[in-house]
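For reference, final_22.txt (compact mmCIF, C-alpha atoms):
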# COMPACT_ATOMS: atom_id res chain seq x y z
CA MET A 1 -90.95 -105.46 -55.04
CA ASP A 2 -89.22 -103.04 -57.43
CA LEU A 3 -85.79 -103.73 -55.90
CA TYR A 4 -86.43 -107.47 -55.99
CA LEU A 5 -87.41 -107.45 -59.67
CA ARG A 6 -84.57 -105.13 -60.66
CA LEU A 7 -82.05 -107.37 -58.92
CA ILE A 8 -83.41 -110.41 -60.77
CA ARG A 9 -83.17 -108.55 -64.10
CA LEU A 10 -79.63 -107.37 -63.34
CA THR A 11 -78.53 -110.89 -62.41
CA LEU A 12 -80.13 -112.17 -65.62
CA LEU A 13 -78.13 -109.60 -67.60
CA PHE A 14 -74.87 -110.51 -65.83
CA THR A 15 -75.59 -114.18 -66.57
CA PHE A 16 -75.94 -113.41 -70.27
CA VAL A 17 -72.62 -111.52 -70.25
CA LEU A 18 -71.06 -114.40 -68.30
CA ILE A 19 -72.13 -116.87 -71.01
CA ILE A 20 -70.62 -114.66 -73.73
CA VAL A 21 -67.32 -114.28 -71.84
CA GLY A 22 -67.31 -118.03 -71.25
CA GLY A 23 -67.70 -118.59 -74.99
CA ALA A 24 -64.86 -116.16 -75.71
CA THR A 25 -62.69 -117.98 -73.16
CA ARG A 26 -63.27 -121.25 -74.99
CA VAL A 27 -62.80 -119.80 -78.50
CA TYR A 28 -59.53 -118.10 -77.60
CA ASP A 29 -58.22 -121.30 -75.96
CA ALA A 30 -58.04 -119.58 -72.59
CA GLY A 31 -59.86 -122.22 -70.58
CA MET A 32 -56.63 -123.37 -68.94
CA ALA A 33 -55.07 -119.92 -68.65
CA CYS A 34 -55.69 -120.15 -64.89
CA PRO A 35 -54.39 -123.60 -63.95
CA ASP A 36 -55.75 -123.62 -60.39
CA TRP A 37 -59.18 -122.98 -58.93
CA PRO A 38 -60.57 -120.91 -57.26
CA HIS A 39 -57.24 -119.03 -57.36
CA CYS A 40 -55.34 -118.14 -60.52
CA TYR A 41 -51.60 -118.86 -60.24
CA GLY A 42 -52.11 -118.77 -56.47
CA TYR A 43 -53.64 -115.27 -56.49
CA TYR A 44 -57.17 -113.93 -56.54
CA VAL A 45 -55.93 -111.12 -58.83
CA PRO A 46 -53.12 -112.52 -61.04
CA PHE A 47 -52.05 -109.20 -62.56
CA PRO A 48 -49.48 -108.06 -63.56
CA GLU A 49 -47.66 -111.10 -64.91
CA SER A 50 -44.41 -109.96 -63.33
CA LYS A 51 -45.63 -110.99 -59.86
CA ILE A 52 -46.21 -114.60 -61.01
CA PRO A 53 -43.07 -116.76 -60.58
CA GLY A 54 -42.31 -118.07 -64.05
CA GLY A 55 -45.06 -115.99 -65.65
CA TYR A 56 -48.27 -117.30 -67.20
CA MET A 57 -46.87 -120.74 -67.99
CA VAL A 58 -48.99 -123.89 -67.85
CA ALA A 59 -47.54 -127.26 -68.90
CA GLY A 60 -44.91 -125.56 -71.06
CA GLN A 61 -47.41 -123.22 -72.75
CA HIS A 62 -47.31 -119.47 -72.25
CA TYR A 63 -50.63 -117.65 -72.05
CA THR A 64 -51.04 -113.98 -72.92
CA TRP A 65 -52.43 -111.47 -70.45
CA TRP A 66 -55.56 -111.35 -72.65
CA GLN A 67 -56.19 -115.07 -72.28
CA VAL A 68 -55.62 -114.93 -68.53
CA ALA A 69 -57.94 -111.89 -68.33
CA LEU A 70 -60.68 -113.81 -70.13
CA GLU A 71 -60.53 -116.81 -67.81
CA TRP A 72 -60.13 -114.66 -64.71
CA GLY A 73 -62.94 -112.34 -65.88
CA HIS A 74 -65.17 -115.32 -66.47
CA ARG A 75 -64.65 -116.43 -62.88
CA ALA A 76 -65.15 -112.88 -61.56
CA LEU A 77 -68.45 -112.54 -63.43
CA ALA A 78 -69.52 -115.93 -62.08
CA SER A 79 -68.89 -114.59 -58.57
CA LEU A 80 -71.04 -111.52 -59.30
CA VAL A 81 -73.86 -113.75 -60.49
CA GLY A 82 -73.49 -115.85 -57.35
CA PHE A 83 -73.61 -112.83 -55.04
CA GLY A 84 -76.57 -111.48 -57.01
CA LEU A 85 -78.46 -114.71 -56.47
CA LEU A 86 -77.61 -114.68 -52.76
CA ALA A 87 -79.12 -111.19 -52.52
CA ILE A 88 -82.20 -112.42 -54.39
CA VAL A 89 -82.56 -115.32 -51.94
CA ALA A 90 -82.28 -112.93 -48.99
CA LEU A 91 -85.05 -110.72 -50.38
CA ALA A 92 -87.14 -113.78 -51.21
CA ILE A 93 -86.90 -115.02 -47.61
CA ALA A 94 -88.07 -111.62 -46.40
CA ARG A 95 -91.02 -111.81 -48.81
CA ILE A 96 -91.93 -115.29 -47.58
CA ARG A 97 -91.94 -114.13 -43.97
CA LYS A 98 -94.33 -111.33 -44.93
CA GLY A 99 -96.51 -113.69 -46.93
CA LEU A 100 -95.76 -111.87 -50.21
CA ASN A 101 -94.29 -114.76 -52.18
CA LEU A 102 -96.13 -115.57 -55.40
CA PRO A 103 -97.32 -118.93 -56.77
CA GLN A 104 -94.37 -120.84 -58.31
CA GLU A 105 -91.90 -118.17 -57.11
CA THR A 106 -90.34 -120.45 -54.49
CA LEU A 107 -90.12 -123.32 -56.97
CA ALA A 108 -88.44 -121.14 -59.60
CA LEU A 109 -86.00 -119.72 -57.07
CA GLY A 110 -85.16 -123.14 -55.64
CA LEU A 111 -84.46 -124.49 -59.11
CA THR A 112 -82.26 -121.49 -59.91
CA VAL A 113 -80.20 -121.97 -56.74
CA ALA A 114 -79.79 -125.71 -57.37
CA LEU A 115 -78.62 -125.09 -60.93
CA LEU A 116 -76.11 -122.46 -59.79
CA VAL A 117 -74.61 -124.86 -57.24
CA THR A 118 -74.35 -127.47 -60.00
CA GLN A 119 -72.77 -124.92 -62.32
CA ILE A 120 -70.07 -124.08 -59.79
CA GLY A 121 -69.19 -127.75 -59.53
CA LEU A 122 -69.15 -128.16 -63.31
CA GLY A 123 -66.91 -125.10 -63.61
CA GLY A 124 -64.35 -126.72 -61.36
CA LEU A 125 -64.73 -129.98 -63.28
CA THR A 126 -63.92 -128.33 -66.63
CA VAL A 127 -60.68 -126.97 -65.16
CA LEU A 128 -59.74 -130.30 -63.57
CA LYS A 129 -60.51 -132.12 -66.84
CA SER A 130 -58.58 -129.56 -68.94
CA ASN A 131 -61.74 -128.50 -70.80
CA ILE A 132 -62.37 -131.89 -72.36
CA HIS A 133 -65.32 -131.66 -74.76
CA TRP A 134 -67.88 -133.50 -72.63
CA SER A 135 -67.19 -131.28 -69.62
CA VAL A 136 -67.66 -128.16 -71.80
CA VAL A 137 -70.98 -129.56 -73.05
CA LEU A 138 -72.22 -130.17 -69.50
CA HIS A 139 -71.03 -126.73 -68.38
CA LEU A 140 -72.81 -124.91 -71.21
CA GLY A 141 -75.95 -127.03 -70.97
CA ASN A 142 -76.36 -126.34 -67.26
CA ALA A 143 -75.58 -122.64 -67.81
CA MET A 144 -78.51 -122.44 -70.24
CA LEU A 145 -80.78 -124.18 -67.73
CA PHE A 146 -79.70 -121.72 -65.03
CA PHE A 147 -80.30 -118.79 -67.38
CA GLY A 148 -83.74 -120.20 -68.22
CA ALA A 149 -84.68 -120.76 -64.56
CA LEU A 150 -83.69 -117.18 -63.76
CA ALA A 151 -85.82 -115.96 -66.68
CA TRP A 152 -88.72 -118.02 -65.31
CA LEU A 153 -88.28 -116.41 -61.89
CA ARG A 154 -88.29 -112.97 -63.51
CA ARG A 155 -91.48 -113.80 -65.39
CA VAL A 156 -93.28 -115.06 -62.28
CA VAL A 157 -92.29 -112.02 -60.20
CA ALA A 158 -92.99 -109.53 -63.01
CA SER A 159 -96.51 -110.90 -63.41
CA GLY A 160 -97.32 -110.05 -59.81
CA GLY A 161 -99.09 -113.37 -59.52
CA GLN A 162 -101.46 -112.54 -62.37
CA ALA A 163 -101.49 -115.30 -64.99
CA ALA A 164 -103.85 -115.95 -67.89
CA ALA A 165 -102.90 -118.93 -70.05
CA VAL A 166 -103.41 -118.48 -73.79
CA PRO A 167 -105.94 -121.04 -75.06
CA ALA A 168 -104.43 -123.36 -77.65
CA PRO A 169 -104.94 -126.95 -78.87
CA VAL A 170 -102.73 -129.71 -77.47
CA VAL A 171 -100.68 -129.97 -80.68
CA THR A 172 -99.91 -126.25 -80.63
CA ARG A 173 -98.97 -126.31 -76.96
CA TRP A 174 -96.60 -129.25 -77.38
CA ALA A 175 -95.01 -127.61 -80.41
CA PHE A 176 -94.22 -124.52 -78.32
CA TYR A 177 -92.88 -126.72 -75.51
CA ALA A 178 -90.68 -128.60 -77.99
CA MET A 179 -88.96 -125.46 -79.31
CA PRO A 180 -86.78 -124.61 -76.26
CA LEU A 181 -85.89 -128.29 -75.88
CA LEU A 182 -84.77 -128.47 -79.51
CA VAL A 183 -82.80 -125.23 -79.19
CA TRP A 184 -81.10 -126.52 -76.03
CA LEU A 185 -80.12 -129.84 -77.64
CA THR A 186 -78.78 -128.03 -80.74
CA MET A 187 -76.63 -125.83 -78.51
CA LEU A 188 -75.26 -128.86 -76.65
CA ILE A 189 -74.22 -130.50 -79.91
CA GLY A 190 -72.74 -127.19 -81.06
CA ALA A 191 -70.68 -127.01 -77.86
CA PHE A 192 -69.30 -130.48 -78.61
CA VAL A 193 -68.46 -129.43 -82.18
CA SER A 194 -66.65 -126.31 -81.01
CA SER A 195 -64.79 -127.83 -78.05
CA SER A 196 -63.64 -130.81 -80.13
CA HIS A 197 -62.45 -128.47 -82.92
CA ALA A 198 -64.84 -130.05 -85.44
CA GLY A 199 -66.26 -126.78 -86.77
CA GLY A 200 -64.41 -126.95 -90.08
CA VAL A 201 -64.16 -130.69 -90.66
CA CYS A 202 -67.00 -130.81 -93.19
CA GLY A 203 -66.20 -127.77 -95.28
CA GLY A 204 -69.15 -125.87 -96.71
CA LEU A 205 -72.77 -126.74 -97.37
CA PHE A 206 -74.50 -129.11 -97.79
CA SER A 207 -72.87 -132.51 -97.41
CA CYS A 208 -69.80 -133.53 -95.41
CA ALA A 209 -67.01 -134.82 -97.65
CA GLY A 210 -69.68 -136.11 -100.01
CA GLN A 211 -71.74 -137.81 -97.27
CA TRP A 212 -74.97 -136.70 -95.64
CA MET A 213 -74.26 -138.37 -92.31
CA PRO A 214 -70.75 -139.82 -91.84
CA SER A 215 -70.45 -142.83 -89.56
CA PRO A 216 -69.32 -142.01 -86.00
CA LYS A 217 -66.91 -144.94 -86.21
CA ALA A 218 -65.26 -143.53 -89.34
CA ASP A 219 -65.04 -139.92 -88.11
CA LEU A 220 -66.77 -138.83 -84.90
CA GLY A 221 -66.05 -135.15 -85.54
CA GLN A 222 -67.77 -135.19 -88.94
CA HIS A 223 -70.69 -137.16 -87.54
CA ILE A 224 -71.28 -134.72 -84.66
CA HIS A 225 -70.88 -131.76 -87.00
CA MET A 226 -73.62 -133.05 -89.30
CA GLN A 227 -75.79 -133.86 -86.29
CA HIS A 228 -75.56 -130.18 -85.36
CA ARG A 229 -76.67 -129.19 -88.86
CA LEU A 230 -79.55 -131.66 -88.71
CA TYR A 231 -80.82 -130.31 -85.40
CA ALA A 232 -80.48 -126.75 -86.71
CA LEU A 233 -82.63 -127.73 -89.70
CA LEU A 234 -85.24 -129.31 -87.42
CA THR A 235 -85.27 -126.15 -85.28
CA PHE A 236 -85.85 -124.00 -88.35
CA ALA A 237 -88.65 -126.28 -89.56
CA LEU A 238 -90.33 -126.19 -86.15
CA SER A 239 -90.12 -122.38 -86.04
CA VAL A 240 -92.03 -122.26 -89.34
CA GLY A 241 -94.51 -124.75 -87.91
CA LEU A 242 -95.07 -122.52 -84.87
CA ILE A 243 -96.10 -119.62 -87.11
CA ILE A 244 -98.54 -121.79 -89.03
CA LEU A 245 -100.03 -123.33 -85.89
CA ALA A 246 -100.32 -119.98 -84.12
CA LYS A 247 -102.03 -118.38 -87.13
CA ARG A 248 -104.56 -121.20 -87.40
CA THR A 249 -105.21 -122.14 -83.80
CA ALA A 250 -103.89 -119.44 -81.41
CA PRO A 251 -103.65 -115.94 -82.97
CA ALA A 252 -102.49 -114.50 -79.62
CA LEU A 253 -99.26 -116.48 -80.03
CA ARG A 254 -98.57 -115.39 -83.59
CA LYS A 255 -96.27 -112.50 -82.66
CA VAL A 256 -94.07 -114.53 -80.33
CA ALA A 257 -93.95 -117.36 -82.89
CA LEU A 258 -92.77 -114.92 -85.55
CA HIS A 259 -90.15 -113.56 -83.16
CA VAL A 260 -88.80 -117.05 -82.47
CA HIS A 261 -88.64 -117.74 -86.21
CA VAL A 262 -86.68 -114.54 -86.89
CA MET A 263 -84.26 -115.46 -84.10
CA VAL A 264 -83.79 -118.95 -85.58
CA LEU A 265 -83.19 -117.47 -89.03
CA GLY A 266 -80.54 -115.14 -87.63
CA GLN A 267 -78.84 -118.05 -85.87
CA VAL A 268 -78.77 -120.07 -89.09
CA VAL A 269 -77.17 -117.16 -90.95
CA LEU A 270 -74.53 -116.76 -88.22
CA GLY A 271 -73.90 -120.51 -88.26
CA ILE A 272 -73.30 -120.52 -92.03
CA ALA A 273 -71.05 -117.47 -91.78
CA THR A 274 -69.04 -119.17 -89.01
CA LEU A 275 -68.81 -122.33 -91.09
CA TYR A 276 -67.32 -120.56 -94.11
CA SER A 277 -64.99 -118.42 -91.99
CA PHE A 278 -62.65 -121.40 -91.55
CA ALA A 279 -61.52 -121.36 -95.17
CA SER A 280 -62.60 -117.97 -96.52
CA TYR A 281 -62.04 -115.42 -93.75
CA PRO A 282 -60.38 -117.05 -90.72
CA GLN A 283 -59.71 -113.66 -89.11
CA PHE A 284 -63.44 -113.39 -88.42
CA TYR A 285 -63.90 -116.88 -86.97
CA TYR A 286 -63.45 -115.84 -83.33
CA PRO A 287 -65.98 -112.95 -83.30
CA LEU A 288 -68.43 -114.94 -85.43
CA SER A 289 -68.24 -117.93 -83.10
CA ILE A 290 -68.87 -115.72 -80.07
CA ALA A 291 -71.76 -113.98 -81.87
CA HIS A 292 -73.19 -117.40 -82.74
CA LEU A 293 -73.25 -118.35 -79.06
CA GLY A 294 -74.66 -114.99 -77.99
CA TRP A 295 -77.46 -115.07 -80.54
CA GLY A 296 -78.18 -118.70 -79.66
CA THR A 297 -78.55 -117.69 -76.01
CA LEU A 298 -81.06 -115.00 -76.99
CA LEU A 299 -82.86 -117.56 -79.15
CA TRP A 300 -83.09 -119.85 -76.11
CA LEU A 301 -84.55 -116.94 -74.14
CA ALA A 302 -87.04 -116.19 -76.93
CA ALA A 303 -88.15 -119.84 -77.10
CA LEU A 304 -88.69 -119.86 -73.33
CA GLY A 305 -90.49 -116.52 -73.60
CA ALA A 306 -92.94 -118.07 -76.05
CA VAL A 307 -93.66 -120.83 -73.52
CA PHE A 308 -94.09 -118.23 -70.75
CA THR A 309 -96.60 -116.38 -72.93
CA LEU A 310 -98.45 -119.61 -73.54
CA ARG A 311 -98.55 -120.47 -69.83
CA TYR A 312 -98.96 -117.07 -68.20
CA GLY A 313 -100.28 -114.75 -70.90
CA LYS A 314 -98.65 -111.80 -72.59
CA HIS A 315 -96.21 -109.74 -70.55
CA GLY A 316 -93.46 -107.54 -71.88
CA ARG A 317 -92.51 -107.11 -75.49
CA TYR A 318 -91.12 -110.48 -76.54
CA HIS A 319 -89.97 -112.74 -73.75
CA GLY A 320 -93.22 -113.51 -72.00

Could I get this structure in the form of structure tokens?
Amino acid sequence: MDLYLRLIRLTLLFTFVLIIVGGATRVYDAGMACPDWPHCYGYYVPFPESKIPGGYMVAGQHYTWWQVALEWGHRALASLVGFGLLAIVALAIARIRKGLNLPQETLALGLTVALLVTQIGLGGLTVLKSNIHWSVVLHLGNAMLFFGALAWLRRVVASGGQAAAVPAPVVTRWAFYAMPLLVWLTMLIGAFVSSSHAGGVCGGLFSCAGQWMPSPKADLGQHIHMQHRLYALLTFALSVGLIILAKRTAPALRKVALHVHVMVLGQVVLGIATLYSFASYPQFYYPLSIAHLGWGTLLWLAALGAVFTLRYGKHGRYHG
């Protein structure tokens, strides 16, 4: 049991790192640094550059070793996550044969495996489609679902089958269920903004070129950018609502609601800093953009953790 849980936690950690490296790969325009898949310039290890005929050239563009390392590292980490999940499945089968599997464990594991298979296919699609914005959105969205399913599996196994739902009114429960959905949708729109290079099209706060919501026909980039801001505002408002609802109707959820709110606040601050980096301090745009994704991933985990606490009772410090 200890080995099984530790392996799930380690795979969850590697998945988080994988998401961050994937974000860095996108930000540094390294998504096409390896033009073929699953190889990279015909090799599994494409280093040093001197062994590649013609060097790191793709469609007339030369990529640096750093860009190739990012894309190659992203694929290597994905392989580690895949092997980690295979080991988890092997241990899970052994548990099933001994009758030790827990309620919902098989469902959580099956969902995790299905999402990983989908993610592998979407990874190949992003390369084949030259990282077109919609493929990046699908890739990130599914990655978050995989990360969430793995977190669910960890929560089920860590509970040892012991679950005690926190009593709460229907409105409070649905508000907690809505938070991870809203966070996920905001991240999808953010991925579209980033991959379509629309992060700086609106300038600073609060309007966009004097408009609150530009028409998608006039400028799709501006429209999507403001959609991202709108969803971020709705997420912030809902996080405040969770605190109020928890305080009034479910005191046991107050701590996790406050944690989600703090995470949302931090994400908003990072988003504003990233926004102003375009014109004021462009040298910090890359690290800020990566930090924005990383914090958003932790926010997604916190929102899911609140739901886990609601469904299964308190376990662990923050994430259900």

Once you count all atoms listed in the file, what closest atom pair and distance in Å to one decimal does each residue of stretch 90-147 of chain A within 9 Å of stretch 195-206 of chain A have, with rows by chain and rising residue number, as a Markdown table?
| residue | atom | partner | partner_atom | distance |
| --- | --- | --- | --- | --- |
| A:Asn131 | CA | A:Ser195 | CA | 7.9 |
| A:Ile132 | CA | A:Ser195 | CA | 7.4 |
| A:His133 | CA | A:Ser195 | CA | 5.1 |
| A:Trp134 | CA | A:Ser195 | CA | 8.4 |
| A:Val136 | CA | A:Ser195 | CA | 6.9 |
| A:Val137 | CA | A:Ser195 | CA | 8.1 |

Per residue of stretch 218-285 of chain A within 7 Å of stretch 189-193 of chain A, note the shortest atom pair and the distance in Å to one decimal, counting all atoms listed in the file, and order the rows by chain and increasing residue number, as JSON lines.
{"residue": "A:Ile224", "atom": "CA", "partner": "A:Val193", "partner_atom": "CA", "distance": 6.5}
{"residue": "A:His225", "atom": "CA", "partner": "A:Val193", "partner_atom": "CA", "distance": 5.9}
{"residue": "A:His228", "atom": "CA", "partner": "A:Ile189", "partner_atom": "CA", "distance": 5.6}

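Coordinates place atom CA of A:Met144 at a distance of 17.7 Å from atom CA of A:Leu107.
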
Which residues come within 10 Å of A:His223, counting all atoms listed in the file, excluding same-chain residues fewer than 2 positions away, as a PyMOL selection string?
chain A and resi 193+198+201-202+208+211-221+225-228

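Distance-wise, atom CA of A:Leu102 and atom CA of A:Ile8 end up 14.7 Å apart.
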
Would you kindly identify which residues have an atom no farther than 12 Å from (-83.6, -105.8, -61.8), using all atoms listed in the file and the file's own coordinates, and write them out as a count of residues only?
25

Excluding same-chain residues fewer than 6 positions from stretch 300-304 of chain A, what lies within 9 Å of it counting only C-alpha atoms, as a list in words?
Met144, Phe147, Gly148, Ala151, Trp152, Phe176, Tyr177, Met179, Pro180, Leu181, Val183, Trp184, Val256, Ala257, His259, Val260, Met263, Tyr318, His319 and Gly320 of chain A

Rounded to one decimal, what separation in Å do you get between atom CA of A:Leu91 and atom CA of A:Val156?
15.1 Å

Would you kindly identify which residues have an atom no farther than 9 Å from (-103.1, -116.2, -70.1), using only C-alpha atoms and the file's own coordinates, and write them out as a ChimeraX atom specification?
/A:162-167,309-314

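Residues with any atom within 12 Å of A:Asp36, counting only C-alpha atoms and excluding same-chain neighbours fewer than 3 positions away, are Gly31, Met32, Ala33, His39, Cys40, Tyr41, Gly42, Tyr43, Tyr44, Pro46, Tyr56, Val58, Val68, Glu71, Trp72, Arg75, Gly123, Gly124, Leu125, Thr126, Val127, Leu128, Lys129 and Ser130 of chain A.
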
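Nearest-residue note for A:Ala149: choosing from A:Phe308, A:Lys255, A:Gly210, A:Ala273, the minimum distance belongs to A:Phe308, counting only C-alpha atoms.
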
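With only C-alpha atoms as the basis for measurement, A:Val268 is the residue among A:Leu115, A:Leu145, A:Val268, A:Ala178 that approaches A:Gly296 most closely.
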
Shell of 10 Å around A:Ala78, all atoms listed in the file, local chain residues under 2 positions omitted, as a PyMOL selection string
chain A and resi 14-15+17-19+22+72-76+80-84+116+119-120+123

Report, as AutoDock Vina command-line options, the centre and edge lengths in Å (one decimal) of the axis-aligned box enclosing every listed atom of stretch 72-89 of chain A, padded by 3 Å on each side.
--center_x -71.3 --center_y -113.8 --center_z -59.2 --size_x 28.4 --size_y 11.2 --size_z 20.5

Within 12 Å of A:Lys247 using all atoms listed in the file, minus same-chain residues under 6 positions, as number ranges by chain
A: 168, 172, 240-241, 253-258

Starting from the incomplete input, reconstruct N, CA and C atoms of stretch 209-221 of chain A and report them as a JSON list (two decimals), keeping the file's coordinate frame.
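Printed below is part_27.json as written:
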[["chain", "number", "residue", "atom", "x", "y", "z"],
["A", 209, "ALA", "N", -67.92, -133.97, -96.88],
["A", 209, "ALA", "CA", -67.01, -134.82, -97.65],
["A", 209, "ALA", "C", -67.78, -135.79, -98.54],
["A", 210, "GLY", "N", -68.89, -135.29, -99.10],
["A", 210, "GLY", "CA", -69.68, -136.11, -100.01],
["A", 210, "GLY", "C", -70.69, -137.02, -99.33],
["A", 211, "GLN", "N", -70.80, -136.96, -98.00],
["A", 211, "GLN", "CA", -71.74, -137.81, -97.27],
["A", 211, "GLN", "C", -72.73, -136.94, -96.50],
["A", 212, "TRP", "N", -73.96, -137.44, -96.39],
["A", 212, "TRP", "CA", -74.97, -136.70, -95.64],
["A", 212, "TRP", "C", -74.83, -136.91, -94.14],
["A", 213, "MET", "N", -74.43, -138.11, -93.73],
["A", 213, "MET", "CA", -74.26, -138.37, -92.31],
["A", 213, "MET", "C", -73.13, -139.39, -92.13],
["A", 214, "PRO", "N", -71.90, -138.91, -92.01],
["A", 214, "PRO", "CA", -70.75, -139.82, -91.84],
["A", 214, "PRO", "C", -70.91, -140.71, -90.60],
["A", 215, "SER", "N", -70.37, -141.89, -90.68],
["A", 215, "SER", "CA", -70.45, -142.83, -89.56],
["A", 215, "SER", "C", -69.61, -142.33, -88.39],
["A", 216, "PRO", "N", -70.11, -142.44, -87.16],
["A", 216, "PRO", "CA", -69.32, -142.01, -86.00],
["A", 216, "PRO", "C", -68.06, -142.86, -85.82],
["A", 217, "LYS", "N", -68.09, -144.09, -86.32],
["A", 217, "LYS", "CA", -66.91, -144.94, -86.21],
["A", 217, "LYS", "C", -65.81, -144.49, -87.17],
["A", 218, "ALA", "N", -66.23, -143.99, -88.34],
["A", 218, "ALA", "CA", -65.26, -143.53, -89.34],
["A", 218, "ALA", "C", -64.66, -142.19, -88.94],
["A", 219, "ASP", "N", -65.52, -141.24, -88.52],
["A", 219, "ASP", "CA", -65.04, -139.92, -88.11],
["A", 219, "ASP", "C", -66.08, -139.31, -87.18],
["A", 220, "LEU", "N", -65.82, -139.33, -85.88],
["A", 220, "LEU", "CA", -66.77, -138.83, -84.90],
["A", 220, "LEU", "C", -66.99, -137.33, -85.06],
["A", 221, "GLY", "N", -65.93, -136.60, -85.37],
["A", 221, "GLY", "CA", -66.05, -135.15, -85.54],
["A", 221, "GLY", "C", -67.01, -134.79, -86.66]]
